[in-house]
>>> print(open('run-v3.cif').read())   # mmCIF, C-alpha atoms
data_run
loop_
_atom_site.label_atom_id
_atom_site.label_comp_id
_atom_site.auth_asym_id
_atom_site.auth_seq_id
_atom_site.Cartn_x
_atom_site.Cartn_y
_atom_site.Cartn_z
CA MET A 411 -1.56 10.49 4.05
CA THR A 412 -2.52 7.47 1.98
CA ASP A 413 -1.90 7.77 -1.73
CA PRO A 414 -3.00 4.68 -3.67
CA THR A 415 -1.35 5.50 -6.98
CA PRO A 416 -1.36 3.18 -9.97
CA SER A 417 1.96 2.81 -11.74
CA PRO A 418 2.57 1.46 -15.21
CA GLY A 419 3.67 -2.15 -15.33
CA ALA A 420 4.10 -4.96 -17.79
CA PRO A 421 1.16 -5.62 -20.09
CA GLY A 422 -1.49 -7.58 -18.19
CA ALA A 423 0.10 -6.73 -14.84
CA ALA A 424 -0.56 -3.89 -12.44
CA VAL A 425 1.42 -2.05 -9.79
CA VAL A 426 -0.01 -0.46 -6.66
CA ARG A 427 1.80 2.11 -4.50
CA VAL A 428 0.43 3.28 -1.16
CA THR A 429 2.33 5.77 1.01
CA ARG A 430 1.37 6.67 4.56
CA THR A 431 3.06 8.51 7.42
CA LEU A 432 2.76 6.55 10.67
CA LYS A 433 3.30 7.89 14.20
CA ALA A 434 5.82 5.20 15.10
CA THR A 435 9.49 4.40 14.62
CA PRO A 436 10.65 2.36 11.62
CA ALA A 437 11.50 -0.48 14.05
CA GLN A 438 7.93 -0.52 15.42
CA VAL A 439 6.46 -0.59 11.92
CA PHE A 440 8.91 -3.28 10.77
CA ASP A 441 7.95 -5.41 13.79
CA ALA A 442 4.27 -5.04 12.91
CA TRP A 443 5.01 -6.53 9.48
CA THR A 444 7.04 -9.45 10.84
CA ASP A 445 5.24 -10.56 14.03
CA ALA A 446 2.29 -12.91 13.50
CA GLN A 447 0.50 -11.70 16.64
CA LEU A 448 0.65 -8.12 15.39
CA LEU A 449 -0.32 -9.09 11.83
CA ASN A 450 -3.50 -10.61 13.28
CA LYS A 451 -4.55 -7.15 14.44
CA TRP A 452 -4.31 -5.23 11.18
CA LEU A 453 -3.51 -7.12 7.95
CA CYS A 454 -7.11 -7.69 6.85
CA PRO A 455 -8.89 -5.27 4.56
CA ASP A 456 -12.49 -4.47 5.41
CA PRO A 457 -14.86 -6.21 5.46
CA SER A 458 -12.69 -9.25 6.21
CA VAL A 459 -11.49 -10.64 9.52
CA LEU A 460 -8.04 -12.16 9.83
CA SER A 461 -8.56 -15.61 11.28
CA GLU A 462 -5.03 -16.95 11.09
CA SER A 463 -1.50 -15.76 10.45
CA SER A 464 1.92 -17.30 10.72
CA CYS A 465 5.29 -16.04 9.61
CA ASP A 466 8.95 -16.99 9.63
CA PRO A 467 10.58 -13.62 8.85
CA VAL A 468 13.93 -14.77 7.50
CA VAL A 469 15.09 -14.77 3.89
CA GLY A 470 13.50 -17.88 2.39
CA GLY A 471 10.99 -18.10 5.26
CA SER A 472 7.30 -18.18 4.54
CA TYR A 473 4.11 -16.59 5.80
CA ARG A 474 0.44 -17.52 5.62
CA ILE A 475 -2.61 -15.33 6.21
CA VAL A 476 -6.25 -16.37 6.15
CA ASN A 477 -8.85 -13.63 5.75
CA ILE A 478 -12.52 -14.48 6.23
CA TYR A 479 -15.15 -12.64 4.17
CA ASP A 480 -18.91 -13.15 4.11
CA TRP A 481 -18.41 -15.15 0.88
CA GLY A 482 -15.66 -17.41 2.30
CA ALA A 483 -11.95 -17.51 3.04
CA ARG A 484 -8.99 -16.07 1.14
CA VAL A 485 -5.63 -17.69 1.84
CA ILE A 486 -2.54 -15.57 1.14
CA THR A 487 0.93 -17.12 1.18
CA GLY A 488 4.40 -15.99 0.29
CA GLU A 489 8.11 -16.10 0.87
CA TYR A 490 10.39 -13.46 2.35
CA LEU A 491 12.96 -12.34 -0.23
CA VAL A 492 14.66 -9.41 1.55
CA LEU A 493 14.67 -8.35 5.21
CA GLU A 494 16.65 -5.23 6.08
CA PRO A 495 15.39 -4.24 9.55
CA PRO A 496 14.08 -1.71 10.19
CA HIS A 497 13.91 -0.14 6.74
CA ARG A 498 12.85 -2.62 4.07
CA LEU A 499 11.22 -5.96 3.47
CA VAL A 500 10.30 -7.71 0.24
CA PHE A 501 8.10 -10.77 -0.07
CA THR A 502 6.10 -12.69 -2.64
CA TRP A 503 2.29 -12.62 -2.48
CA THR A 504 -0.03 -15.32 -3.78
CA THR A 505 -3.71 -15.86 -3.08
CA ASP A 506 -5.78 -18.97 -3.63
CA ARG A 507 -8.29 -16.79 -5.53
CA TRP A 508 -5.91 -16.19 -8.46
CA GLU A 509 -6.02 -18.45 -11.48
CA PRO A 510 -4.08 -21.71 -11.10
CA GLY A 511 -0.49 -21.33 -12.19
CA ALA A 512 -0.42 -17.54 -11.77
CA GLU A 513 3.03 -16.26 -10.86
CA PRO A 514 3.40 -14.74 -7.39
CA SER A 515 3.28 -10.98 -7.18
CA GLN A 516 5.81 -9.06 -5.09
CA VAL A 517 5.36 -6.62 -2.22
CA THR A 518 8.09 -4.20 -1.12
CA VAL A 519 7.64 -2.25 2.11
CA THR A 520 10.01 0.69 2.60
CA LEU A 521 10.22 2.52 5.93
CA GLU A 522 11.89 5.94 6.11
CA PRO A 523 12.25 7.99 9.31
CA ASP A 524 10.29 11.25 9.18
CA GLY A 525 10.94 13.19 12.40
CA ASP A 526 9.09 11.28 15.13
CA ALA A 527 7.18 9.31 12.50
CA THR A 528 7.84 6.87 9.66
CA GLU A 529 6.92 7.19 6.02
CA MET A 530 5.81 3.75 4.88
CA THR A 531 5.54 2.91 1.20
CA ILE A 532 3.90 -0.32 0.10
CA LEU A 533 4.71 -1.24 -3.50
CA HIS A 534 2.76 -4.25 -4.82
CA GLU A 535 4.11 -5.29 -8.22
CA ARG A 536 3.39 -7.97 -10.80
CA LEU A 537 -0.28 -8.31 -9.94
CA PRO A 538 -1.63 -10.98 -12.28
CA ALA A 539 -4.55 -9.04 -13.77
CA ALA A 540 -5.59 -5.44 -14.18
CA GLY A 541 -9.06 -6.36 -12.90
CA TYR A 542 -7.62 -7.29 -9.51
CA PHE A 543 -5.76 -3.99 -9.41
CA LEU A 544 -8.79 -1.92 -10.37
CA ASP A 545 -11.24 -3.71 -8.10
CA HIS A 546 -9.29 -4.47 -4.97
CA ALA A 547 -5.61 -3.81 -4.43
CA PRO A 548 -5.39 0.02 -4.06
CA LEU A 549 -8.29 0.22 -1.61
CA ALA A 550 -7.21 -2.90 0.29
CA TRP A 551 -3.65 -1.65 0.84
CA ALA A 552 -4.89 1.82 1.82
CA ASN A 553 -7.30 0.20 4.28
CA VAL A 554 -4.68 -2.00 5.93
CA ALA A 555 -2.27 0.96 6.13
CA GLU A 556 -4.98 2.84 8.04
CA LYS A 557 -5.49 -0.14 10.37
CA LEU A 558 -1.75 -0.36 10.98
CA ASP A 559 -1.66 3.36 11.81
CA CYS A 560 -4.51 2.91 14.31
CA LEU A 561 -2.78 -0.07 15.92
CA LEU A 562 0.52 1.78 16.30
CA ARG A 563 -1.19 4.88 17.73
CA THR A 564 -2.88 2.81 20.45
CA SER A 565 0.10 0.59 21.31
#
>>> encode(input="run-v3.cif", output="structure tokens")
Amino acid sequence: MTDPTPSPGAPGAAVVRVTRTLKATPAQVFDAWTDAQLLNKWLCPDPSVLSESSCDPVVGGSYRIVNIYDWGARVITGEYLVLEPPHRLVFTWTTDRWEPGAEPSQVTVTLEPDGDATEMTILHERLPAAGYFLDHAPLAWANVAEKLDCLLRTS
């Protein structure tokens, strides 16, 4: 189940929480978040296409994702802050579409075993503007969680 739930945050900032149960082990889900070849298959909300991804999944390592939309490209970059395989990863998130000088937001992915499945929670905090939260983030994270579920079911 996907539950895009807004959470209160600092004034001018927004928090998004999406929870989904995936038919895969925590290790399989963790790998999907930290392998560039796998990221290419799912980390692009509709209607975009992921054209490029790279990642160095170590603390202090970076990642880069380029999503192509009909209006142009969106480049997302960040740094890995915490990697606790296979249960948790935390990374910064910045897009070239935010205002210059905007502070990076932060994404925490928590993976909990649930029988033969994994409960994945994506918590995206410190979004720079409520407008971004209201217009994009909840649906985008719910959409990529669905794509990840589909990828893991067919792997």
>>> resolve_selection(input="run-v3.cif", expression="the PyMOL selection byres ((chain A and resi 451-466) around 10)", output="PDB file with C-alpha atoms, keeping the file's coordinate frame")
ATOM      1  CA  ALA A 442       4.270  -5.040  12.910  1.00  0.00           C
ATOM      2  CA  TRP A 443       5.010  -6.530   9.480  1.00  0.00           C
ATOM      3  CA  THR A 444       7.040  -9.450  10.840  1.00  0.00           C
ATOM      4  CA  ASP A 445       5.240 -10.560  14.030  1.00  0.00           C
ATOM      5  CA  ALA A 446       2.290 -12.910  13.500  1.00  0.00           C
ATOM      6  CA  GLN A 447       0.500 -11.700  16.640  1.00  0.00           C
ATOM      7  CA  LEU A 448       0.650  -8.120  15.390  1.00  0.00           C
ATOM      8  CA  LEU A 449      -0.320  -9.090  11.830  1.00  0.00           C
ATOM      9  CA  ASN A 450      -3.500 -10.610  13.280  1.00  0.00           C
ATOM     10  CA  PRO A 467      10.580 -13.620   8.850  1.00  0.00           C
ATOM     11  CA  VAL A 468      13.930 -14.770   7.500  1.00  0.00           C
ATOM     12  CA  VAL A 469      15.090 -14.770   3.890  1.00  0.00           C
ATOM     13  CA  GLY A 470      13.500 -17.880   2.390  1.00  0.00           C
ATOM     14  CA  GLY A 471      10.990 -18.100   5.260  1.00  0.00           C
ATOM     15  CA  SER A 472       7.300 -18.180   4.540  1.00  0.00           C
ATOM     16  CA  TYR A 473       4.110 -16.590   5.800  1.00  0.00           C
ATOM     17  CA  ARG A 474       0.440 -17.520   5.620  1.00  0.00           C
ATOM     18  CA  ILE A 475      -2.610 -15.330   6.210  1.00  0.00           C
ATOM     19  CA  VAL A 476      -6.250 -16.370   6.150  1.00  0.00           C
ATOM     20  CA  ASN A 477      -8.850 -13.630   5.750  1.00  0.00           C
ATOM     21  CA  ILE A 478     -12.520 -14.480   6.230  1.00  0.00           C
ATOM     22  CA  TYR A 479     -15.150 -12.640   4.170  1.00  0.00           C
ATOM     23  CA  ASP A 480     -18.910 -13.150   4.110  1.00  0.00           C
ATOM     24  CA  TRP A 481     -18.410 -15.150   0.880  1.00  0.00           C
ATOM     25  CA  GLY A 482     -15.660 -17.410   2.300  1.00  0.00           C
ATOM     26  CA  ALA A 483     -11.950 -17.510   3.040  1.00  0.00           C
ATOM     27  CA  ARG A 484      -8.990 -16.070   1.140  1.00  0.00           C
ATOM     28  CA  VAL A 485      -5.630 -17.690   1.840  1.00  0.00           C
ATOM     29  CA  ILE A 486      -2.540 -15.570   1.140  1.00  0.00           C
ATOM     30  CA  THR A 487       0.930 -17.120   1.180  1.00  0.00           C
ATOM     31  CA  GLY A 488       4.400 -15.990   0.290  1.00  0.00           C
ATOM     32  CA  GLU A 489       8.110 -16.100   0.870  1.00  0.00           C
ATOM     33  CA  TYR A 490      10.390 -13.460   2.350  1.00  0.00           C
ATOM     34  CA  HIS A 546      -9.290  -4.470  -4.970  1.00  0.00           C
ATOM     35  CA  ALA A 547      -5.610  -3.810  -4.430  1.00  0.00           C
ATOM     36  CA  LEU A 549      -8.290   0.220  -1.610  1.00  0.00           C
ATOM     37  CA  ALA A 550      -7.210  -2.900   0.290  1.00  0.00           C
ATOM     38  CA  TRP A 551      -3.650  -1.650   0.840  1.00  0.00           C
ATOM     39  CA  ALA A 552      -4.890   1.820   1.820  1.00  0.00           C
ATOM     40  CA  ASN A 553      -7.300   0.200   4.280  1.00  0.00           C
ATOM     41  CA  VAL A 554      -4.680  -2.000   5.930  1.00  0.00           C
ATOM     42  CA  ALA A 555      -2.270   0.960   6.130  1.00  0.00           C
ATOM     43  CA  GLU A 556      -4.980   2.840   8.040  1.00  0.00           C
ATOM     44  CA  LYS A 557      -5.490  -0.140  10.370  1.00  0.00           C
ATOM     45  CA  LEU A 558      -1.750  -0.360  10.980  1.00  0.00           C
ATOM     46  CA  ASP A 559      -1.660   3.360  11.810  1.00  0.00           C
ATOM     47  CA  CYS A 560      -4.510   2.910  14.310  1.00  0.00           C
ATOM     48  CA  LEU A 561      -2.780  -0.070  15.920  1.00  0.00           C
ATOM     49  CA  LEU A 562       0.520   1.780  16.300  1.00  0.00           C
TER      50      LEU A 562
END
>>> closest_residue(input="run-v3.cif", among="A:Pro548, A:Gly525, A:Gly511, A:Pro538", to="Thr431 in chain A", atoms="all atoms listed in the file")
A:Gly525
>>> atom_distance(input="run-v3.cif", atom1="CA of Gln516 in chain A", atom2="CA of Pro436 in chain A")
20.8 Å
>>> closest_residue(input="run-v3.cif", among="A:Thr564, A:Thr518, A:Thr504, A:Thr435", to="Thr531 in chain A", atoms="all atoms listed in the file")
A:Thr518
>>> closest_residue(input="run-v3.cif", among="A:Arg563, A:Val425, A:Ala434, A:Asp441", to="Glu529 in chain A", atoms="only C-alpha atoms")
A:Ala434
>>> closest_residue(input="run-v3.cif", among="A:Ala437, A:Thr505, A:Arg498, A:Ser565", to="Leu533 in chain A", atoms="all atoms listed in the file")
A:Arg498
>>> atom_distance(input="run-v3.cif", atom1="CA of Leu432 in chain A", atom2="CA of Asp524 in chain A")
9.0 Å
>>> atom_distance(input="run-v3.cif", atom1="CA of Leu491 in chain A", atom2="CA of Glu509 in chain A")
22.9 Å
>>> closest_residue(input="run-v3.cif", among="A:Val428, A:Leu537, A:Ala527, A:Val439", to="Thr502 in chain A", atoms="all atoms listed in the file")
A:Leu537
>>> residues_around(input="run-v3.cif", residues="Leu499 in chain A", least_positions_apart="6", cutoff="7 Å", atoms="only C-alpha atoms", output="list of chain:residue names")
A:Val492, A:Leu493, A:Thr518, A:Val519, A:Thr520
